[in-house]
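Chemist: Compact mmCIF, C-alpha atoms, saved as input.txt, coming up:
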# COMPACT_ATOMS: atom_id res chain seq x y z
CA MET A 1 110.02 128.05 164.84
CA PRO A 2 107.78 130.61 166.62
CA ALA A 3 104.08 129.90 166.29
CA ALA A 4 103.53 133.37 164.92
CA LEU A 5 105.62 132.53 161.85
CA LEU A 6 104.47 128.93 161.45
CA PHE A 7 100.76 129.67 161.07
CA PRO A 8 101.08 132.06 158.07
CA ARG A 9 103.32 129.56 156.27
CA LEU A 10 100.86 126.72 156.77
CA LEU A 11 98.03 128.94 155.62
CA PHE A 12 99.95 129.95 152.49
CA ALA A 13 100.80 126.29 151.69
CA SER A 14 97.16 125.26 152.08
CA PHE A 15 96.09 128.09 149.79
CA ILE A 16 98.59 127.03 147.12
CA ASN A 17 97.45 123.38 147.28
CA PHE A 18 93.81 124.42 147.10
CA PHE A 19 94.50 126.72 144.16
CA LEU A 20 96.46 124.10 142.20
CA ALA A 21 93.89 121.39 142.82
CA ASN A 22 90.99 123.56 141.70
CA PHE A 23 92.91 125.07 138.80
CA ALA A 24 93.87 121.61 137.53
CA PHE A 25 90.27 120.52 137.90
CA THR A 26 88.87 123.43 135.94
CA ALA A 27 91.72 123.96 133.47
CA THR A 28 90.88 123.22 129.86
CA LEU A 29 92.98 122.03 126.94
CA PRO A 30 95.32 124.72 125.55
CA GLY A 31 93.98 126.46 122.46
CA ALA A 32 96.79 125.23 120.18
CA GLU A 33 95.99 121.61 121.01
CA LEU A 34 92.26 122.22 120.59
CA LYS A 35 92.91 123.61 117.11
CA ALA A 36 95.12 120.60 116.35
CA LEU A 37 92.28 118.24 117.29
CA ARG A 38 89.95 120.07 114.92
CA ASP A 39 92.49 119.68 112.11
CA ILE A 40 93.02 116.02 113.00
CA ALA A 41 89.26 115.34 112.94
CA LYS A 42 88.96 116.98 109.52
CA ALA A 43 91.82 114.94 108.03
CA LEU A 44 90.63 111.62 109.48
CA GLY A 45 86.98 112.15 108.63
CA LYS A 46 86.10 112.04 112.31
CA THR A 47 82.70 113.72 112.63
CA ASP A 48 81.47 112.78 116.11
CA TRP A 49 83.89 114.70 118.33
CA ASN A 50 81.89 117.30 120.24
CA PHE A 51 83.95 120.47 120.42
CA SER A 52 81.34 122.26 122.49
CA VAL A 53 82.83 120.52 125.54
CA ASP A 54 86.43 120.25 126.65
CA PRO A 55 88.13 117.20 124.98
CA CYS A 56 89.76 116.42 128.32
CA SER A 57 86.43 116.27 130.15
CA GLY A 58 85.74 112.67 129.29
CA GLU A 59 82.29 113.64 128.01
CA SER A 60 80.33 113.46 124.77
CA GLY A 61 82.23 110.75 122.95
CA TRP A 62 85.77 111.82 123.82
CA VAL A 63 86.15 108.70 125.97
CA LEU A 64 84.06 105.57 125.50
CA PRO A 65 84.28 102.20 127.26
CA GLU A 66 86.32 99.67 125.30
CA ASN A 67 84.35 96.93 123.59
CA GLU A 68 86.10 93.79 124.81
CA ILE A 69 84.62 91.59 122.06
CA ILE A 70 85.45 93.46 118.89
CA LYS A 71 88.08 95.79 120.31
CA PHE A 72 86.70 99.12 119.18
CA LYS A 73 88.23 102.21 120.78
CA ASN A 74 87.17 105.82 120.57
CA ASN A 75 89.25 107.60 123.19
CA VAL A 76 91.11 110.85 123.63
CA THR A 77 93.03 110.79 126.90
CA CYS A 78 94.66 113.78 128.58
CA SER A 79 97.37 114.01 131.20
CA THR A 80 96.33 114.64 134.79
CA ASP A 81 99.74 115.20 136.40
CA ALA A 82 100.30 118.77 135.21
CA ILE A 83 98.78 122.18 135.86
CA LEU A 84 97.46 122.27 132.30
CA PRO A 85 96.01 119.14 130.67
CA HIS A 86 97.55 117.87 127.44
CA VAL A 87 96.48 115.20 124.94
CA VAL A 88 98.66 112.11 125.49
CA HIS A 89 96.71 109.28 123.82
CA ILE A 90 94.46 109.13 120.74
CA GLU A 91 92.91 105.69 120.19
CA LEU A 92 90.44 105.36 117.31
CA LYS A 93 90.28 101.64 116.55
CA GLY A 94 87.64 100.36 114.16
CA GLN A 95 85.90 103.72 113.69
CA ASN A 96 85.32 103.44 109.91
CA LEU A 97 87.46 106.50 109.31
CA ASN A 98 87.99 107.08 105.59
CA GLY A 99 90.24 110.13 105.53
CA THR A 100 94.02 110.53 105.56
CA LEU A 101 96.70 110.62 108.21
CA PRO A 102 96.84 114.09 109.80
CA PRO A 103 100.15 116.01 109.84
CA ALA A 104 98.58 118.08 112.68
CA LEU A 105 99.52 115.36 115.18
CA VAL A 106 102.83 117.17 115.52
CA SER A 107 100.92 120.03 117.17
CA LEU A 108 100.20 117.81 120.16
CA PRO A 109 103.58 118.09 121.89
CA TYR A 110 102.77 115.64 124.70
CA LEU A 111 101.29 112.91 122.50
CA ARG A 112 102.56 109.42 123.38
CA THR A 113 100.10 107.10 121.61
CA ILE A 114 98.33 107.20 118.25
CA ASP A 115 96.24 104.11 117.41
CA LEU A 116 94.26 104.17 114.16
CA THR A 117 93.94 100.40 113.78
CA ARG A 118 91.35 98.89 111.41
CA ASN A 119 89.99 101.90 109.55
CA TYR A 120 89.86 102.89 105.87
CA LEU A 121 92.53 105.55 105.94
CA SER A 122 94.44 106.11 102.70
CA GLY A 123 97.37 108.11 101.44
CA PRO A 124 100.93 108.34 102.76
CA ILE A 125 102.46 108.52 106.21
CA PRO A 126 103.19 112.22 106.78
CA PRO A 127 106.94 112.97 106.99
CA GLU A 128 106.02 115.69 109.50
CA TRP A 129 105.45 112.95 112.07
CA GLY A 130 109.21 112.66 112.40
CA SER A 131 109.20 115.72 114.69
CA MET A 132 107.00 114.22 117.43
CA GLN A 133 109.18 114.41 120.52
CA ARG A 134 107.36 112.16 123.00
CA ILE A 135 105.63 109.58 120.80
CA GLU A 136 105.99 106.01 122.05
CA SER A 137 103.46 104.01 120.03
CA ILE A 138 102.12 104.33 116.48
CA SER A 139 99.65 101.73 115.21
CA LEU A 140 98.26 102.03 111.67
CA LEU A 141 97.39 98.36 111.21
CA GLY A 142 94.68 97.41 108.77
CA ASN A 143 94.21 100.53 106.63
CA ARG A 144 94.79 101.41 102.97
CA LEU A 145 97.95 103.44 103.31
CA THR A 146 100.25 103.80 100.30
CA GLY A 147 103.70 105.13 99.58
CA SER A 148 106.87 104.40 101.49
CA ILE A 149 107.84 104.89 105.13
CA PRO A 150 109.29 108.40 105.42
CA LYS A 151 112.92 108.51 106.48
CA GLN A 152 111.92 111.12 109.07
CA ILE A 153 110.30 108.37 111.16
CA GLY A 154 113.85 107.44 112.11
CA ASN A 155 114.01 110.63 114.19
CA LEU A 156 111.53 109.27 116.73
CA ARG A 157 114.01 108.28 119.42
CA THR A 158 111.23 107.61 121.99
CA LEU A 159 109.23 105.31 119.69
CA LYS A 160 108.77 101.79 121.11
CA ILE A 161 105.99 100.39 118.89
CA PHE A 162 105.60 100.95 115.15
CA THR A 163 102.85 98.93 113.47
CA VAL A 164 101.96 99.32 109.78
CA GLU A 165 100.85 95.76 109.00
CA PHE A 166 98.10 95.03 106.47
CA ASN A 167 98.39 98.15 104.32
CA LYS A 168 99.56 98.90 100.78
CA LEU A 169 102.89 100.47 101.65
CA SER A 170 105.77 99.89 99.24
CA GLY A 171 109.34 100.81 98.45
CA THR A 172 112.50 100.06 100.35
CA LEU A 173 112.87 100.52 104.09
CA PRO A 174 114.80 103.74 104.84
CA PRO A 175 118.16 103.15 106.57
CA GLU A 176 117.19 105.94 108.98
CA LEU A 177 114.89 103.48 110.77
CA GLY A 178 118.08 102.05 112.23
CA LYS A 179 118.18 105.13 114.48
CA LEU A 180 115.05 104.06 116.38
CA ALA A 181 116.98 103.60 119.60
CA SER A 182 113.97 102.65 121.74
CA ILE A 183 112.06 100.46 119.29
CA GLU A 184 110.77 97.19 120.75
CA ASN A 185 108.01 96.12 118.36
CA LEU A 186 108.49 96.67 114.61
CA PHE A 187 105.59 95.20 112.60
CA LEU A 188 105.84 95.55 108.81
CA SER A 189 103.98 92.44 107.57
CA SER A 190 101.49 92.29 104.68
CA ASN A 191 102.65 95.21 102.55
CA ASN A 192 104.63 95.50 99.32
CA PHE A 193 108.04 96.40 100.71
CA THR A 194 111.02 95.59 98.49
CA GLY A 195 114.80 95.58 98.67
CA GLU A 196 117.08 94.25 101.37
CA LEU A 197 116.79 94.88 105.09
CA PRO A 198 119.02 97.91 105.77
CA ALA A 199 122.37 97.18 107.41
CA SER A 200 121.54 99.95 109.90
CA PHE A 201 118.96 97.59 111.44
CA ALA A 202 121.89 95.92 113.20
CA LYS A 203 121.65 98.79 115.70
CA LEU A 204 118.08 97.95 116.75
CA THR A 205 119.26 96.10 119.85
CA SER A 206 116.13 96.92 121.88
CA LEU A 207 113.90 94.88 119.53
CA LYS A 208 111.63 92.33 121.19
CA ASP A 209 109.21 91.54 118.35
CA PHE A 210 110.06 91.81 114.62
CA ARG A 211 107.59 90.84 111.86
CA ILE A 212 108.09 91.24 108.10
CA SER A 213 105.94 88.46 106.60
CA ASP A 214 104.05 88.72 103.30
CA ASN A 215 106.27 91.24 101.51
CA ARG A 216 108.61 91.35 98.51
CA PHE A 217 111.97 91.76 100.16
CA THR A 218 115.12 90.51 98.42
CA GLY A 219 118.46 89.26 99.66
CA ARG A 220 119.25 86.85 102.44
CA ILE A 221 118.17 86.82 106.05
CA PRO A 222 120.88 89.10 107.45
CA LYS A 223 123.47 87.79 109.86
CA PHE A 224 123.16 90.93 111.96
CA ILE A 225 120.05 89.50 113.62
CA GLN A 226 122.51 88.08 116.15
CA ASN A 227 122.64 91.61 117.61
CA TRP A 228 118.97 91.47 118.57
CA THR A 229 119.64 89.64 121.82
CA ASN A 230 116.43 90.95 123.45
CA LEU A 231 114.27 89.46 120.70
CA GLU A 232 111.36 87.29 121.87
CA LYS A 233 109.46 86.86 118.61
CA LEU A 234 110.77 86.70 115.04
CA VAL A 235 108.30 86.29 112.14
CA ILE A 236 109.66 86.01 108.58
CA GLN A 237 106.99 84.10 106.64
CA ALA A 238 106.73 84.51 102.86
CA SER A 239 108.75 87.71 103.15
CA GLY A 240 110.61 87.30 99.87
CA LEU A 241 113.95 86.80 101.63
CA MET A 242 116.32 83.96 100.76
CA GLY A 243 117.83 81.36 103.02
CA PRO A 244 119.68 79.92 104.68
CA ILE A 245 118.74 80.81 108.22
CA PRO A 246 121.95 82.24 109.76
CA SER A 247 123.63 79.90 112.21
CA ASN A 248 124.19 82.80 114.60
CA ILE A 249 120.47 82.78 115.33
CA SER A 250 121.60 80.70 118.30
CA ALA A 251 122.57 84.00 119.98
CA LEU A 252 118.89 84.90 120.43
CA ALA A 253 118.55 83.19 123.79
CA LYS A 254 115.31 85.01 124.73
CA LEU A 255 113.33 83.79 121.71
CA LYS A 256 109.91 82.35 122.47
CA GLU A 257 108.41 82.30 118.96
CA LEU A 258 110.36 81.64 115.77
CA ARG A 259 108.30 81.62 112.58
CA ILE A 260 110.16 81.40 109.26
CA SER A 261 108.65 79.99 106.09
CA ASP A 262 108.74 80.01 102.29
CA LEU A 263 112.32 81.14 101.87
CA ASN A 264 113.45 81.80 98.31
CA GLY A 265 116.52 80.26 96.74
CA THR A 266 117.69 76.72 96.07
CA ASP A 267 120.64 76.45 98.47
CA GLN A 268 120.10 73.61 100.91
CA ALA A 269 120.85 74.30 104.56
CA LYS A 270 121.47 72.51 107.83
CA PHE A 271 118.97 72.73 110.66
CA PRO A 272 119.64 76.01 112.50
CA PRO A 273 121.24 75.56 115.95
CA LEU A 274 118.58 76.29 118.56
CA THR A 275 119.98 74.38 121.51
CA GLY A 276 119.15 75.93 124.86
CA ILE A 277 116.42 78.25 123.55
CA GLU A 278 113.08 77.68 125.33
CA LEU A 279 110.77 78.08 122.37
CA ILE A 280 106.98 77.96 122.59
CA THR A 281 106.36 78.09 118.83
CA LEU A 282 108.78 76.81 116.19
CA ILE A 283 107.78 77.08 112.53
CA LEU A 284 110.45 76.42 109.90
CA ARG A 285 108.21 75.59 106.97
CA SER A 286 109.58 75.33 103.43
CA CYS A 287 113.02 76.61 104.41
CA ASN A 288 114.98 74.16 102.21
CA ILE A 289 116.47 72.42 105.25
CA ALA A 290 118.29 69.19 104.25
CA ASP A 291 119.21 67.52 107.51
CA GLU A 292 118.02 65.07 110.15
CA LEU A 293 115.66 66.04 112.94
CA PRO A 294 117.79 67.31 115.85
CA GLU A 295 117.57 65.24 119.01
CA TYR A 296 117.48 68.40 121.15
CA LEU A 297 114.05 69.40 119.80
CA GLY A 298 112.61 66.72 122.02
CA GLN A 299 113.93 68.58 125.04
CA MET A 300 111.89 71.69 124.23
CA THR A 301 109.11 70.72 126.59
CA SER A 302 107.60 74.21 126.43
CA LEU A 303 106.73 73.79 122.74
CA THR A 304 103.05 74.08 121.88
CA ALA A 305 103.47 74.20 118.08
CA LEU A 306 106.07 72.58 115.81
CA ASP A 307 105.88 72.88 112.02
CA LEU A 308 108.82 71.62 109.94
CA SER A 309 106.79 70.85 106.82
CA PHE A 310 108.02 70.84 103.22
CA ASN A 311 111.74 70.62 103.79
CA LYS A 312 114.16 67.82 102.97
CA LEU A 313 114.41 66.34 106.44
CA SER A 314 115.52 62.71 106.45
CA GLY A 315 116.19 59.88 108.87
CA ALA A 316 114.04 58.58 111.71
CA ILE A 317 112.00 60.52 114.23
CA PRO A 318 114.25 60.88 117.32
CA LYS A 319 113.21 59.01 120.47
CA SER A 320 113.39 62.30 122.39
CA PHE A 321 110.30 63.49 120.49
CA SER A 322 108.22 61.35 122.85
CA ASN A 323 108.65 64.22 125.32
CA LEU A 324 106.51 66.38 123.02
CA VAL A 325 103.22 64.68 123.83
CA ALA A 326 101.83 67.96 125.21
CA VAL A 327 102.40 69.86 121.94
CA ASP A 328 99.16 71.13 120.40
CA TYR A 329 100.25 70.12 116.90
CA ILE A 330 103.25 68.76 115.01
CA TYR A 331 103.57 69.03 111.23
CA LEU A 332 106.34 67.02 109.55
CA THR A 333 104.52 66.90 106.22
CA GLY A 334 106.35 66.69 102.90
CA ASN A 335 109.80 65.53 103.96
CA LEU A 336 111.98 62.45 103.40
CA LEU A 337 111.61 60.87 106.83
CA THR A 338 112.13 57.12 107.15
CA GLY A 339 112.02 54.37 109.75
CA ILE A 340 109.18 53.00 111.84
CA ILE A 341 106.67 55.47 113.22
CA PRO A 342 106.65 55.35 117.05
CA ASP A 343 103.45 54.11 118.67
CA TRP A 344 102.95 57.31 120.67
CA ILE A 345 102.68 59.25 117.41
CA LEU A 346 100.15 56.87 115.86
CA GLN A 347 97.71 57.56 118.66
CA ASN A 348 97.99 61.34 118.40
CA GLY A 349 95.49 63.04 116.12
CA ASN A 350 97.39 66.34 116.13
CA ILE A 351 100.41 65.09 114.18
CA ASP A 352 100.69 65.13 110.39
CA LEU A 353 103.30 62.82 108.84
CA SER A 354 101.85 62.70 105.35
CA TYR A 355 104.12 62.57 102.29
CA ASN A 356 107.18 60.88 103.77
CA ASN A 357 108.94 57.50 103.35
CA PHE A 358 108.27 55.64 106.59
CA THR A 359 108.53 51.86 106.91
CA PRO A 360 105.20 49.92 106.81
CA PRO A 361 103.12 48.37 108.22
CA ALA A 362 100.87 50.72 110.12
CA PRO A 363 97.67 50.14 112.10
CA SER A 364 94.55 49.94 110.00
CA CYS A 365 93.17 53.24 111.26
CA PRO A 366 95.73 55.40 113.11
CA GLN A 367 94.68 58.80 114.38
CA THR A 368 97.73 60.44 112.80
CA ASN A 369 97.52 61.65 109.21
CA LEU A 370 99.73 59.17 107.30
CA PHE A 371 98.46 59.79 103.79
CA ALA A 372 101.24 58.93 101.29
CA SER A 373 103.68 58.63 104.17
CA TYR A 374 104.93 55.20 103.02
CA PRO A 375 106.46 54.17 99.70
CA ARG A 376 103.74 52.63 97.49
CA SER A 377 101.23 53.39 100.24
CA ASN A 378 98.22 53.07 97.98
CA GLU A 379 99.21 49.54 96.98
CA LEU A 380 99.77 48.57 100.62
CA GLY A 381 96.30 49.67 101.62
CA ILE A 382 97.62 52.06 104.26
CA VAL A 383 94.57 54.33 104.00
CA SER A 384 92.05 51.55 103.59
CA CYS A 385 90.36 52.70 106.79
CA LEU A 386 89.26 55.81 104.95
CA ARG A 387 87.37 53.69 102.43
CA SER A 388 85.69 51.60 105.12
CA SER A 389 84.46 54.52 107.17
CA LYS A 390 80.68 54.70 107.45
CA CYS A 391 78.67 57.87 107.72
CA GLU A 392 75.88 58.27 110.22
CA LYS A 393 72.43 57.45 108.82
CA LYS A 394 70.99 60.71 110.13
CA ARG A 395 71.17 63.48 107.59
CA TYR A 396 69.86 67.03 107.76
CA TYR A 397 69.01 69.28 104.83
CA LEU A 398 68.16 72.93 104.45
CA HIS A 399 66.54 74.07 101.20
CA ILE A 400 66.14 77.76 100.41
CA ASN A 401 64.16 79.33 97.60
CA CYS A 402 66.69 82.04 96.81
CA GLY A 403 64.95 85.39 96.33
CA GLY A 404 61.48 83.87 96.58
CA GLU A 405 58.76 82.85 99.01
CA LYS A 406 58.39 79.50 100.75
CA VAL A 407 57.42 76.79 98.26
CA THR A 408 57.19 72.99 98.05
CA VAL A 409 58.58 71.23 94.98
CA ASN A 410 58.41 67.41 94.62
CA LYS A 411 57.62 67.08 98.34
CA THR A 412 60.68 69.18 99.28
CA ALA A 413 59.99 72.39 101.22
CA TYR A 414 62.10 75.41 100.25
CA GLU A 415 62.36 78.16 102.88
CA ASP A 416 61.40 81.79 102.29
CA ASP A 417 64.17 84.15 101.08
CA SER A 418 62.06 87.05 99.83
CA ASP A 419 63.32 89.74 102.28
Give the structure from this file in structure tokens form.
Modeler:
Amino acid sequence: MPAALLFPRLLFASFINFFLANFAFTATLPGAELKALRDIAKALGKTDWNFSVDPCSGESGWVLPENEIIKFKNNVTCSTDAILPHVVHIELKGQNLNGTLPPALVSLPYLRTIDLTRNYLSGPIPPEWGSMQRIESISLLGNRLTGSIPKQIGNLRTLKIFTVEFNKLSGTLPPELGKLASIENLFLSSNNFTGELPASFAKLTSLKDFRISDNRFTGRIPKFIQNWTNLEKLVIQASGLMGPIPSNISALAKLKELRISDLNGTDQAKFPPLTGIELITLILRSCNIADELPEYLGQMTSLTALDLSFNKLSGAIPKSFSNLVAVDYIYLTGNLLTGIIPDWILQNGNIDLSYNNFTPPAPSCPQTNLFASYPRSNELGIVSCLRSSKCEKKRYYLHINCGGEKVTVNKTAYEDDSD
């Protein structure tokens, strides 16, 4: 190319780059989004946003360093990869907000994250939120929200994380949530949800973490959970659901944590088949399991926690369990286990075998909790070591004169509490 033509083109390109860089640097948030932030602040009860400066400037409280100890967040983050900045993240964790959830979030068309964890927000989840086109994460954990989950939330095809744990939400789960094609984490624990899990949930094949503990659901644990082959964590503790645990749970090969407890119903069940699953945590507490301890559990060398308490497990402890010496704790409390307790268990203080039917005798003072773990254990003196234990002679006391000044009564000094 002739030099006479090349130079003007290079000059023009440099001018364009310079213009875009400086325009992006000086550009402010569009007026519609600024108005939306004002409406959001009003609804939430957020009074410390300084609208005299650009919200995307990172100044005056719009972005604060995260407190790593108590996990407070007070951030509004804007995009930097476009000519005009746009609000993409709003994180207001632990800000003592006492307002309501703002419908005006839908006026932030580029919003990807809304985190209002641990506030005092009340009222319902706005159905208008179902029109947010780019939202990926919604966290409302630890508020005082009421009402049901709007069916419109099912329209959020980009949503990956939906957290509403520890609120006062109620009602049945809308079948429309089964349309959440991208959902990975669905946290619904500690509310007052009722009814059965919708059959449409069978379509949530992208799920990685599903939690519904501490609710009032009815019906059985659905067999369609076999479709959730990407699942890594399943938590169904005191959910209200009935057993048994479906045998097709064996299809969840990626599971790392399985926590199921307090299932309703009286039907006894076999131990669920978990062969080949590399679990880290296994809790099947009070699940009405009437079976023997599976030998294969002893091959789960990655286990750090095993709780099979309050079932109807019988038979002896498998020899393979000796491979579990690295487990942080094992609870086999309240079962019908028999046989002689292996020596390796007796020397482990992190194992609870109380309330079973093991064969005596036992050492006088094992580290393992064996209370009532033998038939007629009180007569056999199994816990005699508890009666012979001696306390240290050194004792320390603290006496406080509640609401009063420091005073001495009968040679005992009571500390001041008058402030």
Chemist: Just want the 8 Å neighbourhood of stretch 120-128 of chain A, counted on all atoms listed in the file, with same-chain residues fewer than 6 positions away dropped. Output as an mmCIF file with C-alpha atoms, in the coordinates of the input.
Modeler:
data_model
loop_
_atom_site.group_PDB
_atom_site.id
_atom_site.type_symbol
_atom_site.label_atom_id
_atom_site.label_comp_id
_atom_site.auth_asym_id
_atom_site.auth_seq_id
_atom_site.Cartn_x
_atom_site.Cartn_y
_atom_site.Cartn_z
ATOM 1 C CA LEU A 44 90.630 111.620 109.480
ATOM 2 C CA ASN A 96 85.320 103.440 109.910
ATOM 3 C CA LEU A 97 87.460 106.500 109.310
ATOM 4 C CA ASN A 98 87.990 107.080 105.590
ATOM 5 C CA GLY A 99 90.240 110.130 105.530
ATOM 6 C CA THR A 100 94.020 110.530 105.560
ATOM 7 C CA LEU A 101 96.700 110.620 108.210
ATOM 8 C CA PRO A 102 96.840 114.090 109.800
ATOM 9 C CA PRO A 103 100.150 116.010 109.840
ATOM 10 C CA VAL A 106 102.830 117.170 115.520
ATOM 11 C CA GLY A 142 94.680 97.410 108.770
ATOM 12 C CA ASN A 143 94.210 100.530 106.630
ATOM 13 C CA ARG A 144 94.790 101.410 102.970
ATOM 14 C CA LEU A 145 97.950 103.440 103.310
ATOM 15 C CA THR A 146 100.250 103.800 100.300
ATOM 16 C CA GLY A 147 103.700 105.130 99.580
ATOM 17 C CA SER A 148 106.870 104.400 101.490
ATOM 18 C CA ILE A 149 107.840 104.890 105.130
ATOM 19 C CA PRO A 150 109.290 108.400 105.420
ATOM 20 C CA LYS A 151 112.920 108.510 106.480
ATOM 21 C CA GLN A 152 111.920 111.120 109.070
ATOM 22 C CA ILE A 153 110.300 108.370 111.160
#
Chemist: My list of candidates is A:Asp54, A:Glu278, A:Glu184, A:Asp48. Which is closest to A:Leu34 when distances are computed with all atoms listed in the file?
Modeler: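 Closest to A:Leu34, using all atoms listed in the file: A:Asp54.
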Chemist: Hey, what's within 9 Å of A:Ser247 if we count all atoms listed in the file and toss same-chain stuff fewer than 4 positions away? As a list in words, please?
Modeler: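 Counting only the stated atoms, we get Lys223, Ala251, Lys270, Phe271, Pro272, Pro273 and Leu274 of chain A.
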Chemist: Name the closest residue to A:Thr47 among the candidates A:Phe162, A:Phe187, A:Phe201, A:Trp62; distances are taken between atoms, counting only C-alpha atoms.
Modeler: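 Among the listed residues, the smallest separation from A:Thr47 belongs to A:Trp62.
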Chemist: May I have the protein, DNA and RNA residues with an atom at most 6 Å from (95.1, 99.5, 111.1), counting only C-alpha atoms in the file's coordinates, returned as a list of chain:residue names?
Modeler: A:Leu116, A:Thr117, A:Arg118, A:Asn119, A:Leu140, A:Leu141, A:Gly142, A:Asn143
Chemist: Please determine an axis-aligned box that encloses all atoms of stretch 178-183 of chain A listed in the file, with 5 Å added on each side, and express its centre and edge lengths in Å to one decimal as AutoDock Vina command-line options.
Modeler:
--center_x 115.1 --center_y 102.8 --center_z 117.0 --size_x 16.1 --size_y 14.7 --size_z 19.5
Chemist: From (106.8, 91.3, 104.7), in the file's coordinates, out to 10 Å: which residues are reached, counting all atoms listed in the file? Answer as an NGL selection string.
Modeler: :A and (165-166 or 187-194 or 211-217 or 235-241)
Chemist: Would you save the residues from that selection as a JSON list (two decimals), in the frame of the given file, using C-alpha atoms?
Modeler:
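See part35.json below for the written result:
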[["chain", "number", "residue", "atom", "x", "y", "z"],
["A", 165, "GLU", "CA", 100.85, 95.76, 109.00],
["A", 166, "PHE", "CA", 98.10, 95.03, 106.47],
["A", 187, "PHE", "CA", 105.59, 95.20, 112.60],
["A", 188, "LEU", "CA", 105.84, 95.55, 108.81],
["A", 189, "SER", "CA", 103.98, 92.44, 107.57],
["A", 190, "SER", "CA", 101.49, 92.29, 104.68],
["A", 191, "ASN", "CA", 102.65, 95.21, 102.55],
["A", 192, "ASN", "CA", 104.63, 95.50, 99.32],
["A", 193, "PHE", "CA", 108.04, 96.40, 100.71],
["A", 194, "THR", "CA", 111.02, 95.59, 98.49],
["A", 211, "ARG", "CA", 107.59, 90.84, 111.86],
["A", 212, "ILE", "CA", 108.09, 91.24, 108.10],
["A", 213, "SER", "CA", 105.94, 88.46, 106.60],
["A", 214, "ASP", "CA", 104.05, 88.72, 103.30],
["A", 215, "ASN", "CA", 106.27, 91.24, 101.51],
["A", 216, "ARG", "CA", 108.61, 91.35, 98.51],
["A", 217, "PHE", "CA", 111.97, 91.76, 100.16],
["A", 235, "VAL", "CA", 108.30, 86.29, 112.14],
["A", 236, "ILE", "CA", 109.66, 86.01, 108.58],
["A", 237, "GLN", "CA", 106.99, 84.10, 106.64],
["A", 238, "ALA", "CA", 106.73, 84.51, 102.86],
["A", 239, "SER", "CA", 108.75, 87.71, 103.15],
["A", 240, "GLY", "CA", 110.61, 87.30, 99.87],
["A", 241, "LEU", "CA", 113.95, 86.80, 101.63]]
Chemist: Could you pull the residues within 6 Å of A:Leu313, counting all atoms listed in the file, minus those fewer than 3 positions along the same chain, as a PyMOL selection string?
Modeler: chain A and resi 290-292+335-336
Chemist: Go through A:Thr301, A:Thr113, A:Thr158, A:Thr338 one by one, measure the shortest atom-to-atom distance of each to A:Gly130 using all atoms listed in the file, and give the residue with the smallest value.
Modeler: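 Using all atoms listed in the file, the shortest distance to A:Gly130 belongs to A:Thr158.
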Chemist: Using atom CA of A:Ser309 and atom CA of A:Gly339 as the two end points, give the distance in Å to one decimal.
Modeler: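 A separation of 17.5 Å between them.
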Chemist: So, with all atoms listed in the file as the atoms that count, which of A:Ile161, A:Leu258, A:Leu353, A:Ile289 lies closest to A:Ala316?
Modeler: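 Ranking A:Ile161, A:Leu258, A:Leu353, A:Ile289 by distance to A:Ala316, first place goes to A:Leu353.
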Chemist: Which residue is closest to A:Thr77? Choose from A:Gly276, A:Gly94, A:Gly195, A:Pro55 and count only C-alpha atoms.
Modeler: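 Closest to A:Thr77, using only C-alpha atoms: A:Pro55.
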Chemist: Would you mind telling me which residue in A:Asn74, A:Asn230, A:Asn50, A:Gln299 lies nearest to A:Ile280 when using only C-alpha atoms?
Modeler: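 Nearest candidate to A:Ile280 out of A:Asn74, A:Asn230, A:Asn50, A:Gln299: A:Gln299.
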Chemist: Neighbours of A:Leu293 within 10 Å (all atoms listed in the file; same-chain residues fewer than 6 positions away dropped), as an MDAnalysis selection string?
Modeler: chainID A and resid 271 308 313:318 321 332 337
Chemist: To one decimal place in Å, what is the distance between atom CA of A:Val87 and atom CA of A:Leu29?
Modeler: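 Atom CA of A:Leu29 lies at a distance of 7.9 Å from atom CA of A:Val87.
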